[in-house]
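Below is the file query_0.tsv, which contains TSV, C-alpha atoms.
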```tsv
chain	number	residue	atom	x	y	z
A	1	PHE	CA	-0.45	17.19	-24.36
A	2	HIS	CA	-3.26	19.68	-23.86
A	3	ALA	CA	-1.41	21.23	-20.91
A	4	VAL	CA	1.65	21.89	-23.09
A	5	ASN	CA	-0.49	23.20	-25.95
A	6	ALA	CA	-2.45	25.46	-23.62
A	7	PHE	CA	0.73	26.97	-22.18
A	8	LEU	CA	2.22	27.69	-25.61
A	9	SER	CA	-1.01	28.85	-27.26
A	10	ASP	CA	-0.56	32.51	-26.31
A	11	GLU	CA	3.23	32.63	-26.63
A	12	ASN	CA	4.36	34.68	-29.63
A	13	ASP	CA	7.72	32.95	-29.90
A	14	ALA	CA	8.34	29.49	-28.44
A	15	ASN	CA	12.06	30.29	-28.32
A	16	THR	CA	11.49	33.04	-25.76
A	17	VAL	CA	9.41	30.99	-23.32
A	18	ASN	CA	10.52	31.38	-19.71
A	19	ASN	CA	11.90	27.92	-18.96
A	20	SER	CA	11.38	28.21	-15.21
A	21	VAL	CA	7.73	29.16	-15.64
A	22	PHE	CA	7.19	26.41	-18.20
A	23	ASN	CA	8.86	23.82	-15.95
A	24	ASP	CA	6.58	24.77	-13.05
A	25	TRP	CA	3.56	24.35	-15.32
A	26	LEU	CA	4.73	21.06	-16.81
A	27	ARG	CA	5.69	19.60	-13.43
A	28	LEU	CA	2.27	20.43	-11.97
A	29	PHE	CA	0.31	18.72	-14.72
A	30	LEU	CA	2.61	15.72	-14.96
A	31	ASN	CA	2.00	15.14	-11.27
A	32	LEU	CA	-1.74	15.68	-11.58
A	33	VAL	CA	-2.17	13.49	-14.66
A	34	ASN	CA	0.03	10.68	-13.33
A	35	ASN	CA	-1.84	10.61	-10.03
A	36	SER	CA	-5.41	10.99	-11.25
A	37	ARG	CA	-7.74	8.43	-12.78
A	38	ILE	CA	-8.90	10.04	-16.02
A	39	GLU	CA	-10.69	7.30	-17.95
A	40	GLU	CA	-14.17	8.54	-18.83
A	41	ALA	CA	-14.88	11.19	-21.45
A	42	ASP	CA	-16.52	13.37	-18.80
A	43	ASP	CA	-13.38	13.30	-16.62
A	44	TYR	CA	-11.22	14.13	-19.62
A	45	GLN	CA	-13.43	17.08	-20.55
A	46	LYS	CA	-13.33	18.42	-16.99
A	47	ALA	CA	-9.54	18.11	-16.89
A	48	VAL	CA	-9.19	19.99	-20.19
A	49	GLN	CA	-11.48	22.76	-18.93
A	50	SER	CA	-9.49	23.02	-15.69
A	51	ILE	CA	-6.25	23.42	-17.63
A	52	ASP	CA	-7.81	26.21	-19.68
A	53	ARG	CA	-9.18	27.84	-16.53
A	54	ILE	CA	-5.84	27.96	-14.72
A	55	LYS	CA	-3.85	29.09	-17.77
A	56	ALA	CA	-4.34	32.74	-16.87
A	57	HIS	CA	-2.13	32.18	-13.81
A	58	LYS	CA	0.70	30.35	-15.57
A	59	ASN	CA	3.27	33.13	-15.03
A	60	GLY	CA	2.74	33.07	-11.28
A	61	LEU	CA	1.56	29.51	-10.93
A	62	LEU	CA	3.22	28.59	-7.64
A	63	LEU	CA	2.10	31.80	-5.94
A	64	PHE	CA	-1.44	31.25	-7.20
A	65	LEU	CA	-1.54	27.66	-5.92
A	66	ALA	CA	0.00	28.73	-2.62
A	67	SER	CA	-2.63	31.43	-2.13
A	68	GLY	CA	-5.40	28.90	-1.60
A	69	THR	CA	-7.70	30.74	-3.99
A	70	LEU	CA	-8.44	27.52	-5.87
A	71	LYS	CA	-9.79	24.70	-3.70
A	72	ASP	CA	-9.78	21.95	-6.31
A	73	LEU	CA	-9.16	21.32	-9.98
A	74	SER	CA	-12.05	19.44	-11.53
A	75	GLY	CA	-11.08	16.31	-13.43
A	76	PHE	CA	-7.97	15.74	-11.35
A	77	SER	CA	-7.43	13.94	-8.04
A	78	LYS	CA	-8.41	16.21	-5.14
A	79	GLU	CA	-5.74	14.61	-2.93
A	80	GLN	CA	-3.04	15.27	-5.49
A	81	PHE	CA	-4.19	18.83	-6.08
A	82	THR	CA	-4.11	19.45	-2.32
A	83	GLU	CA	-0.56	18.09	-2.25
A	84	GLU	CA	0.46	20.33	-5.14
A	85	CYS	CA	-0.87	23.38	-3.29
A	86	GLN	CA	1.05	22.40	-0.16
A	87	LYS	CA	4.24	21.93	-2.16
A	88	ALA	CA	3.66	25.31	-3.81
A	89	ARG	CA	3.47	26.95	-0.37
A	90	ILE	CA	6.75	25.30	0.55
A	91	MET	CA	8.50	26.11	-2.74
A	92	CYS	CA	7.54	29.77	-2.49
A	93	LYS	CA	9.56	30.10	0.73
A	94	SER	CA	12.98	30.02	-0.92
A	95	ALA	CA	15.02	28.58	-3.76
A	96	ALA	CA	16.34	25.95	-1.34
A	97	HIS	CA	12.81	24.86	-0.45
A	98	LYS	CA	11.87	24.61	-4.11
A	99	LYS	CA	14.96	22.56	-4.89
A	100	VAL	CA	14.39	20.05	-2.09
A	101	ILE	CA	10.81	19.40	-3.25
A	102	ILE	CA	11.77	18.91	-6.89
A	103	ASP	CA	14.76	16.75	-5.96
A	104	ALA	CA	12.54	14.57	-3.77
A	105	GLU	CA	10.05	14.04	-6.59
A	106	ASN	CA	12.86	13.05	-8.95
A	107	ALA	CA	14.42	10.73	-6.37
A	108	LEU	CA	11.24	8.67	-6.03
A	109	PRO	CA	10.06	7.77	-9.55
A	110	TYR	CA	7.83	5.00	-8.15
A	111	PHE	CA	5.64	7.70	-6.59
A	112	SER	CA	5.33	9.87	-9.75
A	113	GLY	CA	5.65	13.14	-7.86
A	114	GLN	CA	3.53	12.03	-4.91
A	115	ILE	CA	5.68	12.83	-1.85
A	116	ARG	CA	3.10	13.94	0.69
A	117	SER	CA	4.10	11.22	3.16
A	118	ILE	CA	7.58	12.72	3.48
A	119	ILE	CA	6.18	16.21	3.94
A	120	HIS	CA	3.71	14.93	6.53
A	121	TYR	CA	6.11	12.80	8.58
A	122	SER	CA	8.77	15.51	8.67
A	123	ASP	CA	6.19	18.28	9.17
A	124	PHE	CA	8.35	20.13	6.70
A	125	GLU	CA	5.92	22.92	5.90
A	126	ASN	CA	5.86	24.01	9.54
A	127	THR	CA	9.35	23.10	10.76
A	128	ASN	CA	11.51	23.71	7.66
A	129	ASN	CA	13.65	20.86	8.98
A	130	PHE	CA	15.64	19.87	5.90
A	131	SER	CA	17.56	17.07	7.63
A	132	GLU	CA	14.36	15.42	8.86
A	133	PHE	CA	12.83	15.73	5.40
A	134	ASP	CA	15.92	14.12	3.88
A	135	ARG	CA	15.85	11.33	6.46
A	136	TYR	CA	12.34	10.25	5.47
A	137	LEU	CA	13.15	10.72	1.79
A	138	ASN	CA	16.20	8.48	2.00
A	139	SER	CA	14.29	5.86	4.00
A	140	GLU	CA	11.65	5.61	1.27
A	141	LYS	CA	14.28	5.73	-1.46
A	142	VAL	CA	15.99	2.52	-0.29
A	143	LEU	CA	12.65	0.66	-0.29
A	144	PHE	CA	11.57	1.26	-3.91
A	145	ASP	CA	13.05	1.16	-7.37
A	146	ASN	CA	11.38	2.80	-10.37
A	147	LYS	CA	8.44	0.41	-10.65
A	148	LYS	CA	8.13	-1.68	-7.50
A	149	PRO	CA	9.36	-2.27	-3.95
A	150	ILE	CA	12.87	-3.69	-3.82
A	151	HIS	CA	12.04	-6.27	-1.13
A	152	GLY	CA	8.29	-6.57	-1.72
A	153	LYS	CA	7.50	-9.72	0.22
A	154	LEU	CA	9.82	-8.82	3.10
A	155	LEU	CA	8.45	-5.26	3.18
A	156	ARG	CA	4.90	-6.59	3.57
A	157	ARG	CA	6.04	-9.03	6.27
A	158	THR	CA	7.59	-6.13	8.15
A	159	LEU	CA	4.50	-3.95	7.85
A	160	CYS	CA	2.34	-6.88	9.01
A	161	ALA	CA	4.60	-7.32	12.03
A	162	ILE	CA	4.06	-3.67	12.91
A	163	ASP	CA	0.28	-3.48	12.41
A	164	ASP	CA	-2.67	-4.50	10.26
A	165	TYR	CA	-1.75	-2.06	7.51
A	166	ARG	CA	-4.15	-3.39	4.85
A	167	LEU	CA	-6.23	-0.96	2.81
A	168	PRO	CA	-9.91	-1.47	1.96
A	169	VAL	CA	-10.98	-2.31	-1.58
A	170	GLY	CA	-14.74	-2.73	-1.64
A	171	SER	CA	-15.67	-5.42	0.88
A	172	TYR	CA	-12.13	-6.80	0.78
A	173	LYS	CA	-8.80	-5.70	2.16
A	174	THR	CA	-5.50	-5.77	0.32
A	175	LEU	CA	-1.87	-6.16	1.31
A	176	CYS	CA	-1.31	-3.52	-1.41
A	177	ILE	CA	-0.03	-4.43	-4.86
A	178	ASP	CA	3.24	-3.33	-6.45
A	179	ASP	CA	1.77	-1.58	-9.51
A	180	PRO	CA	1.75	2.16	-8.69
A	181	ASN	CA	-0.76	2.78	-11.48
A	182	GLU	CA	-3.27	0.43	-9.83
A	183	SER	CA	-4.45	-0.90	-13.19
A	184	SER	CA	-6.40	-3.67	-11.42
A	185	ARG	CA	-8.27	-1.09	-9.28
A	186	THR	CA	-6.54	-2.42	-6.16
A	187	PRO	CA	-4.65	-0.01	-3.84
A	188	SER	CA	-0.87	-0.13	-4.16
A	189	LEU	CA	2.04	0.35	-1.79
A	190	LYS	CA	2.34	3.79	-3.36
A	191	ARG	CA	-1.08	4.68	-1.98
A	192	LEU	CA	-0.30	3.09	1.38
A	193	PHE	CA	2.80	5.24	1.82
A	194	SER	CA	1.06	8.36	0.49
A	195	ASN	CA	-1.72	7.88	3.06
A	196	HIS	CA	1.05	8.40	5.66
A	197	GLY	CA	-0.34	6.03	8.29
A	198	SER	CA	1.25	5.06	11.61
A	199	ALA	CA	2.56	1.68	10.41
A	200	VAL	CA	4.53	3.28	7.58
A	201	LYS	CA	5.90	5.95	9.93
A	202	GLU	CA	7.10	3.33	12.41
A	203	LEU	CA	8.75	1.46	9.57
A	204	LEU	CA	10.55	4.54	8.26
A	205	ASP	CA	11.56	5.64	11.76
A	206	ASN	CA	13.37	2.33	12.22
A	207	ILE	CA	15.33	2.42	8.96
A	208	ASN	CA	18.85	3.76	8.54
A	209	ALA	CA	19.25	4.38	4.83
A	210	SER	CA	23.05	4.12	5.05
A	211	LYS	CA	22.93	0.49	6.25
A	212	PRO	CA	21.81	-2.73	4.49
A	213	ILE	CA	18.02	-2.59	4.37
A	214	GLU	CA	17.18	-6.29	4.27
A	215	ALA	CA	18.81	-6.97	7.63
A	216	GLN	CA	17.00	-3.99	9.17
A	217	LEU	CA	13.60	-5.20	7.98
A	218	LYS	CA	14.27	-8.63	9.46
A	219	ALA	CA	15.35	-6.99	12.73
A	220	ILE	CA	12.07	-5.07	12.94
A	221	ILE	CA	10.17	-8.34	12.48
A	222	SER	CA	12.27	-10.06	15.16
A	223	GLY	CA	11.48	-7.27	17.59
A	224	LYS	CA	7.72	-7.81	17.33
A	225	THR	CA	5.65	-10.40	19.19
A	226	LEU	CA	2.37	-11.58	17.72
A	227	ASP	CA	-0.09	-14.01	19.28
A	228	GLU	CA	-0.82	-17.10	17.23
A	229	ASN	CA	-4.51	-16.19	17.06
A	230	ASP	CA	-3.66	-12.97	15.21
A	231	TRP	CA	-3.81	-13.65	11.45
A	232	ARG	CA	-0.70	-11.53	11.04
A	233	TYR	CA	1.28	-14.19	12.90
A	234	CYS	CA	0.64	-16.56	10.01
A	235	PHE	CA	1.64	-14.08	7.33
A	236	VAL	CA	4.76	-12.92	9.13
A	237	ASN	CA	6.00	-16.43	9.91
A	238	TYR	CA	4.69	-18.42	6.94
A	239	THR	CA	4.81	-15.91	4.12
A	240	ASP	CA	6.22	-18.41	1.64
A	241	VAL	CA	3.24	-20.70	2.29
A	242	LEU	CA	0.46	-18.11	2.07
A	243	PHE	CA	1.71	-15.44	-0.31
A	244	PRO	CA	1.82	-17.72	-3.41
A	245	LEU	CA	-1.92	-18.37	-2.95
A	246	MET	CA	-2.67	-14.74	-3.81
A	247	SER	CA	-2.82	-12.99	-7.16
A	248	THR	CA	-0.06	-10.37	-7.25
A	249	SER	CA	-2.50	-8.15	-9.16
A	250	HIS	CA	-4.85	-8.03	-6.17
A	251	LEU	CA	-3.37	-9.45	-2.91
A	252	ARG	CA	-6.88	-9.50	-1.46
A	253	MET	CA	-8.24	-10.92	1.77
A	254	PHE	CA	-11.71	-11.15	3.28
A	255	GLU	CA	-12.95	-11.58	6.84
A	256	ASN	CA	-16.23	-13.52	6.76
A	257	GLY	CA	-17.15	-13.22	10.42
A	258	ASN	CA	-15.38	-16.44	11.35
A	259	GLU	CA	-11.92	-16.28	9.81
A	260	GLU	CA	-9.55	-14.46	7.48
A	261	LEU	CA	-9.60	-15.77	3.92
A	262	ILE	CA	-7.12	-15.40	1.11
A	263	ILE	CA	-8.93	-14.44	-2.10
A	264	PRO	CA	-6.87	-15.91	-4.96
A	265	ASN	CA	-8.25	-13.53	-7.59
A	266	LYS	CA	-10.35	-10.36	-7.66
A	267	GLN	CA	-13.64	-11.78	-6.34
A	268	SER	CA	-14.49	-14.36	-3.68
A	269	ASN	CA	-17.10	-16.35	-5.62
A	270	GLY	CA	-14.69	-19.23	-6.33
A	271	GLU	CA	-12.51	-21.31	-4.04
A	272	ASN	CA	-10.84	-19.32	-1.28
A	273	TYR	CA	-8.16	-20.26	1.21
A	274	SER	CA	-8.35	-20.23	4.98
A	275	VAL	CA	-5.27	-18.53	6.42
A	276	TYR	CA	-5.24	-20.79	9.46
A	277	LEU	CA	-6.14	-24.06	7.81
A	278	TYR	CA	-3.42	-23.62	5.21
A	279	THR	CA	-0.90	-22.68	7.87
A	280	LEU	CA	-1.85	-25.71	9.95
A	281	GLN	CA	-1.65	-27.94	6.89
A	282	HIS	CA	1.91	-26.72	6.34
A	283	LEU	CA	2.84	-27.47	9.95
A	284	LEU	CA	1.30	-30.94	9.70
A	285	ARG	CA	3.21	-31.61	6.49
A	286	LYS	CA	6.46	-30.78	8.27
A	287	LYS	CA	5.54	-33.50	10.78
A	288	SER	CA	4.82	-35.92	7.91
A	289	ILE	CA	1.10	-35.86	8.71
A	290	ILE	CA	-1.12	-35.92	5.62
A	291	SER	CA	-4.19	-33.69	5.49
A	292	GLU	CA	-6.69	-32.73	2.80
A	293	TYR	CA	-8.14	-29.24	2.41
A	294	TYR	CA	-11.84	-29.02	1.53
A	295	THR	CA	-13.75	-25.84	0.73
A	296	GLU	CA	-17.13	-24.89	-0.62
A	297	LEU	CA	-17.32	-22.07	-3.14
A	298	GLY	CA	-17.65	-18.49	-1.97
A	299	ALA	CA	-16.56	-16.62	1.12
A	300	TYR	CA	-19.20	-18.02	3.47
A	301	GLY	CA	-19.08	-21.71	2.60
A	302	ASP	CA	-17.77	-24.45	4.86
A	303	ARG	CA	-14.06	-25.27	4.78
A	304	TYR	CA	-11.98	-27.70	6.78
A	305	LEU	CA	-9.03	-30.06	6.85
A	306	ILE	CA	-9.52	-33.81	6.96
A	307	VAL	CA	-6.78	-35.27	9.17
A	308	LYS	CA	-6.71	-38.85	10.44
A	309	GLY	CA	-10.44	-39.06	9.77
A	310	TYR	CA	-11.21	-35.90	11.76
A	311	LYS	CA	-12.53	-32.57	10.46
A	312	VAL	CA	-10.54	-29.54	11.54
A	313	ARG	CA	-12.15	-26.10	11.24
A	314	TYR	CA	-11.09	-22.62	12.31
A	315	LYS	CA	-13.72	-20.18	13.57
A	316	LYS	CA	-13.55	-17.05	15.67
A	317	ASN	CA	-9.93	-17.48	16.77
A	318	LYS	CA	-10.27	-21.15	17.69
A	319	PHE	CA	-9.56	-24.50	16.07
A	320	TYR	CA	-12.27	-27.15	16.28
A	321	ILE	CA	-11.53	-30.85	15.80
A	322	GLU	CA	-14.58	-33.06	15.38
A	323	SER	CA	-15.65	-36.59	14.57
A	324	ASP	CA	-18.59	-38.75	15.64
A	325	SER	CA	-16.85	-39.41	18.94
A	326	VAL	CA	-14.56	-36.40	19.44
A	327	LYS	CA	-15.27	-32.71	19.91
A	328	TRP	CA	-12.30	-30.53	20.80
A	329	LYS	CA	-11.51	-26.82	20.56
A	330	SER	CA	-8.40	-24.82	21.29
A	331	SER	CA	-8.49	-22.83	24.50
A	332	SER	CA	-5.42	-20.59	24.44
A	333	LYS	CA	-3.95	-17.92	22.18
A	334	ASN	CA	-1.47	-20.52	20.90
A	335	VAL	CA	-4.06	-21.92	18.54
A	336	LEU	CA	-1.68	-23.45	16.01
A	337	SER	CA	0.54	-25.07	18.63
A	338	ASP	CA	-2.49	-26.43	20.49
A	339	ALA	CA	-4.09	-27.87	17.35
A	340	LEU	CA	-0.83	-29.41	16.16
A	341	THR	CA	-0.19	-31.01	19.55
A	342	LYS	CA	-3.73	-32.37	19.71
A	343	ILE	CA	-3.60	-33.88	16.21
A	344	MET	CA	-0.22	-35.48	16.86
A	345	SER	CA	-1.62	-37.14	19.99
A	346	MET	CA	-4.61	-38.63	18.21
```
Represent the structure of the file as structure tokens.
Amino acid sequence: FHAVNAFLSDENDANTVNNSVFNDWLRLFLNLVNNSRIEEADDYQKAVQSIDRIKAHKNGLLLFLASGTLKDLSGFSKEQFTEECQKARIMCKSAAHKKVIIDAENALPYFSGQIRSIIHYSDFENTNNFSEFDRYLNSEKVLFDNKKPIHGKLLRRTLCAIDDYRLPVGSYKTLCIDDPNESSRTPSLKRLFSNHGSAVKELLDNINASKPIEAQLKAIISGKTLDENDWRYCFVNYTDVLFPLMSTSHLRMFENGNEELIIPNKQSNGENYSVYLYTLQHLLRKKSIISEYYTELGAYGDRYLIVKGYKVRYKKNKFYIESDSVKWKSSSKNVLSDALTKIMSM
């Protein structure tokens, strides 16, 4: 609201406002506000002051941003301001350049004007390759609707098959939530794509936007080989077992030095779930073998399965099966297969 008021404050007649100039101004601050965390009074005050400071350049806003004179805009996200300056440089090249940037922002409402991944992957500022820009735009467009990914669980499976794409959130890592506003203070898929990492690029490079997307995502997964002692193997192959254990508001995991844990909520001070023990329990259940999962509270407590009177633990990429008379550990990368075979033979 202050951005609109500031623009109109020195206009003698609102009916004679240059619509193109006003649209440039409004677009800039919509993007900045929607992609900045302005919650404290101090941040709000800084943002208001920045709007007032830049008002003098409103009639040549894009040229001013493109000039590089202003390095940041206090109160707003530095990353988003940097993106806005880059887009200004591109839009100042020609009417066609300006149109393609604005059209891309409008085509991806989930990203609220944040399209730096497309610019980065296509190297559009340097190459002016419109077709390559459109290719990445269309690939992202088929993955997201207005508020969330279209195939969220499958998209995460595919990204996991490509690489460990998780983003840090404090001492945890997250599979990235749907909510682009990140109201739970957990990074979203919007941020993951905007960070333009290698996993996202590989994903987009293997998508043809003119063909059914679900089949293509499954094909990418099928083309990847993961060892069983890589936690991603469990998530890619047993998503329906593990994913429901996580809060969709956080999707957090924690590596405690011995194993990957699923954190069911925001913090790890309660009961947490071992990725490998839960996967093994599922495989045992399919063989009609009953097991019981035990865990102490917190991320560093003991956790194990009780199966046929034995305790089964997972530590440092190995399963351990123990009783008073038996001590066994897996010795190959096929940790799940080895443990399942051993338990079935007992």
Subject >> Near-segment 239-246 of chain A list (12 Å; all atoms listed in the file; drop same-chain fewer than 2 positions) as a VMD selection string >> reply: chain A and resid 152 to 158 160 to 161 174 to 177 231 to 237 248 to 253 260 to 268 271 to 283 285
**OP:** State, in Å with one decimal place, the distance from atom CA of Lys286 of chain A to atom CA of Lys311 of chain A.
**Re:**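 Pair atom CA of Lys286 of chain A / atom CA of Lys311 of chain A returns 19.2 Å.
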May I have the residues within 10 Å of Asp230 of chain A as a compact mmCIF listing (two decimals) with C-alpha atoms, in the coordinates of the input, using all atoms listed in the file and disregarding those fewer than 6 positions away in the same chain?
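See around01.txt below for the written result:
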```
# COMPACT_ATOMS: atom_id res chain seq x y z
CA ASP A 164 -2.67 -4.50 10.26
CA GLU A 260 -9.55 -14.46 7.48
CA TYR A 276 -5.24 -20.79 9.46
CA ASN A 317 -9.93 -17.48 16.77
CA LYS A 333 -3.95 -17.92 22.18
CA ASN A 334 -1.47 -20.52 20.90
CA VAL A 335 -4.06 -21.92 18.54
```
Original post:
If you count all atoms listed in the file, which residues fall within 10 Å of Glu83 of chain A, apart from same-chain ones fewer than 2 positions away, as a list in words?
Top reply: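 What passes the distance filter is Asn31, Leu32, Ser77, Lys78, Glu79, Gln80, Phe81, Cys85, Gln86, Lys87, Ala88, Arg89, Gly113, Gln114, Ile115, Arg116, Ser117 and Ile119 of chain A.
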Subject >> Pairwise distance for atom CA of Ser131 of chain A and atom CA of Lys99 of chain A, rounded to one decimal in Å >> reply: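 Interatomic distance here is 13.9 Å.
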Subject >> Gap from atom CA of Asn18 of chain A to atom CA of Phe76 of chain A - Å, one decimal >> reply: 25.6 Å
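With only C-alpha atoms taken into account, the protein and nucleic acid residues at most 10 Å from Phe29 of chain A (excluding it and anything under 3 positions from it in its own chain) are A:Phe1, A:His2, A:Ala3, A:Val4, A:Asp24, A:Trp25, A:Leu26, A:Leu32, A:Val33, A:Asn34, A:Asn35, A:Ile51, A:Phe76, A:Phe81, A:Glu84.
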**OP:** Would you mind telling me which residue in A:Arg191, A:Lys148, A:Lys287, A:Lys342 lies nearest to Arg166 of chain A when using all atoms listed in the file?
**Re:**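 Selected residue with least distance to Arg166 of chain A: A:Arg191.
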Subject >> Residue neighbourhood Lys98 of chain A, 12 Å, all atoms listed in the file, exclusion window fewer than 3 positions, as a PyMOL selection string >> reply: chain A and resi 20+24+62+86-95+101-105+125+128+130
Please, could you write that set of residues out with C-alpha atoms as a PDB file, in the coordinates of the input?
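This went into part_15.pdb:
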```pdb
ATOM      1  CA  SER A  20      11.380  28.210 -15.210  1.00  0.00           C
ATOM      2  CA  ASP A  24       6.580  24.770 -13.050  1.00  0.00           C
ATOM      3  CA  LEU A  62       3.220  28.590  -7.640  1.00  0.00           C
ATOM      4  CA  GLN A  86       1.050  22.400  -0.160  1.00  0.00           C
ATOM      5  CA  LYS A  87       4.240  21.930  -2.160  1.00  0.00           C
ATOM      6  CA  ALA A  88       3.660  25.310  -3.810  1.00  0.00           C
ATOM      7  CA  ARG A  89       3.470  26.950  -0.370  1.00  0.00           C
ATOM      8  CA  ILE A  90       6.750  25.300   0.550  1.00  0.00           C
ATOM      9  CA  MET A  91       8.500  26.110  -2.740  1.00  0.00           C
ATOM     10  CA  CYS A  92       7.540  29.770  -2.490  1.00  0.00           C
ATOM     11  CA  LYS A  93       9.560  30.100   0.730  1.00  0.00           C
ATOM     12  CA  SER A  94      12.980  30.020  -0.920  1.00  0.00           C
ATOM     13  CA  ALA A  95      15.020  28.580  -3.760  1.00  0.00           C
ATOM     14  CA  ILE A 101      10.810  19.400  -3.250  1.00  0.00           C
ATOM     15  CA  ILE A 102      11.770  18.910  -6.890  1.00  0.00           C
ATOM     16  CA  ASP A 103      14.760  16.750  -5.960  1.00  0.00           C
ATOM     17  CA  ALA A 104      12.540  14.570  -3.770  1.00  0.00           C
ATOM     18  CA  GLU A 105      10.050  14.040  -6.590  1.00  0.00           C
ATOM     19  CA  GLU A 125       5.920  22.920   5.900  1.00  0.00           C
ATOM     20  CA  ASN A 128      11.510  23.710   7.660  1.00  0.00           C
ATOM     21  CA  PHE A 130      15.640  19.870   5.900  1.00  0.00           C
TER      22      PHE A 130
END
```
Subject >> From A:Asp178, A:Asn129, A:Lys190, A:Ile162, residue lying nearest Lys218 of chain A [only C-alpha atoms] >> reply: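 Closest to Lys218 of chain A of all the choices is A:Ile162.
With all atoms listed in the file as the basis for measurement, A:Ile118 is the residue among A:Ile150, A:Ala219, A:Ile118, A:Asn106 that approaches Gly197 of chain A most closely.
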Original post:
Smallest atom-to-atom distance to Pro109 of chain A: which of A:Asn146, A:Asn256, A:Asn206, A:Ser331, using all atoms listed in the file?
Top reply: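 Using all atoms listed in the file, Pro109 of chain A sits closest to A:Asn146.
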If I wrap all listed atoms of segment 46-55 of chain A in a box with edges along x, y and z and add 3 Å on each side, what are its centre and edge lengths in Å to one decimal, as lines of an AutoDock Vina configuration file?
```
center_x = -8.6
center_y = 23.6
center_z = -17.5
size_x = 15.5
size_y = 17.0
size_z = 11.5
```
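Using all atoms listed in the file, the shortest contact distance between Asp302 of chain A and any of A:Ser183, A:Asn258, A:Ser247, A:Asn5 is found at A:Asn258.
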**OP:** Go through A:Thr295, A:Asn19, A:Ser9, A:Ser50 and flag the residue nearest Asp72 of chain A, using only C-alpha atoms for the distances.
**Re:** A:Ser50
**OP:** Around the point (-6.8, -35.9, 18.1), in the coordinates given by the file, pick out the residues reaching within 10 Å, counting all atoms listed in the file, and return them as a ChimeraX atom specification.
**Re:** /A:307-310,312,321-323,326-328,339-346
May I ask you to restore N, CA and C atoms in segment 306-318 of chain A and write the result as a compact mmCIF listing (two decimals), in the frame of the given file?
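Output file out-v5.txt follows:
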```
# COMPACT_ATOMS: atom_id res chain seq x y z
N ILE A 306 -9.26 -32.44 6.52
CA ILE A 306 -9.52 -33.81 6.96
C ILE A 306 -8.17 -34.40 7.35
N VAL A 307 -8.03 -34.74 8.62
CA VAL A 307 -6.78 -35.27 9.17
C VAL A 307 -7.09 -36.49 10.02
N LYS A 308 -6.53 -37.61 9.66
CA LYS A 308 -6.71 -38.85 10.44
C LYS A 308 -8.20 -39.18 10.64
N GLY A 309 -9.01 -38.79 9.67
CA GLY A 309 -10.44 -39.06 9.77
C GLY A 309 -11.23 -38.00 10.52
N TYR A 310 -10.55 -36.99 11.03
CA TYR A 310 -11.21 -35.90 11.76
C TYR A 310 -11.37 -34.68 10.86
N LYS A 311 -12.37 -33.85 11.15
CA LYS A 311 -12.53 -32.57 10.46
C LYS A 311 -12.00 -31.46 11.36
N VAL A 312 -11.14 -30.64 10.79
CA VAL A 312 -10.54 -29.54 11.54
C VAL A 312 -11.00 -28.23 10.92
N ARG A 313 -11.68 -27.40 11.71
CA ARG A 313 -12.15 -26.10 11.24
C ARG A 313 -11.51 -24.99 12.09
N TYR A 314 -11.56 -23.78 11.55
CA TYR A 314 -11.09 -22.62 12.31
C TYR A 314 -12.18 -21.56 12.28
N LYS A 315 -12.66 -21.18 13.46
CA LYS A 315 -13.72 -20.18 13.57
C LYS A 315 -13.49 -19.31 14.79
N LYS A 316 -13.60 -18.02 14.58
CA LYS A 316 -13.55 -17.05 15.67
C LYS A 316 -12.38 -17.31 16.61
N ASN A 317 -11.19 -17.36 16.03
CA ASN A 317 -9.93 -17.48 16.77
C ASN A 317 -9.75 -18.80 17.50
N LYS A 318 -10.43 -19.84 17.07
CA LYS A 318 -10.27 -21.15 17.69
C LYS A 318 -10.27 -22.24 16.63
```
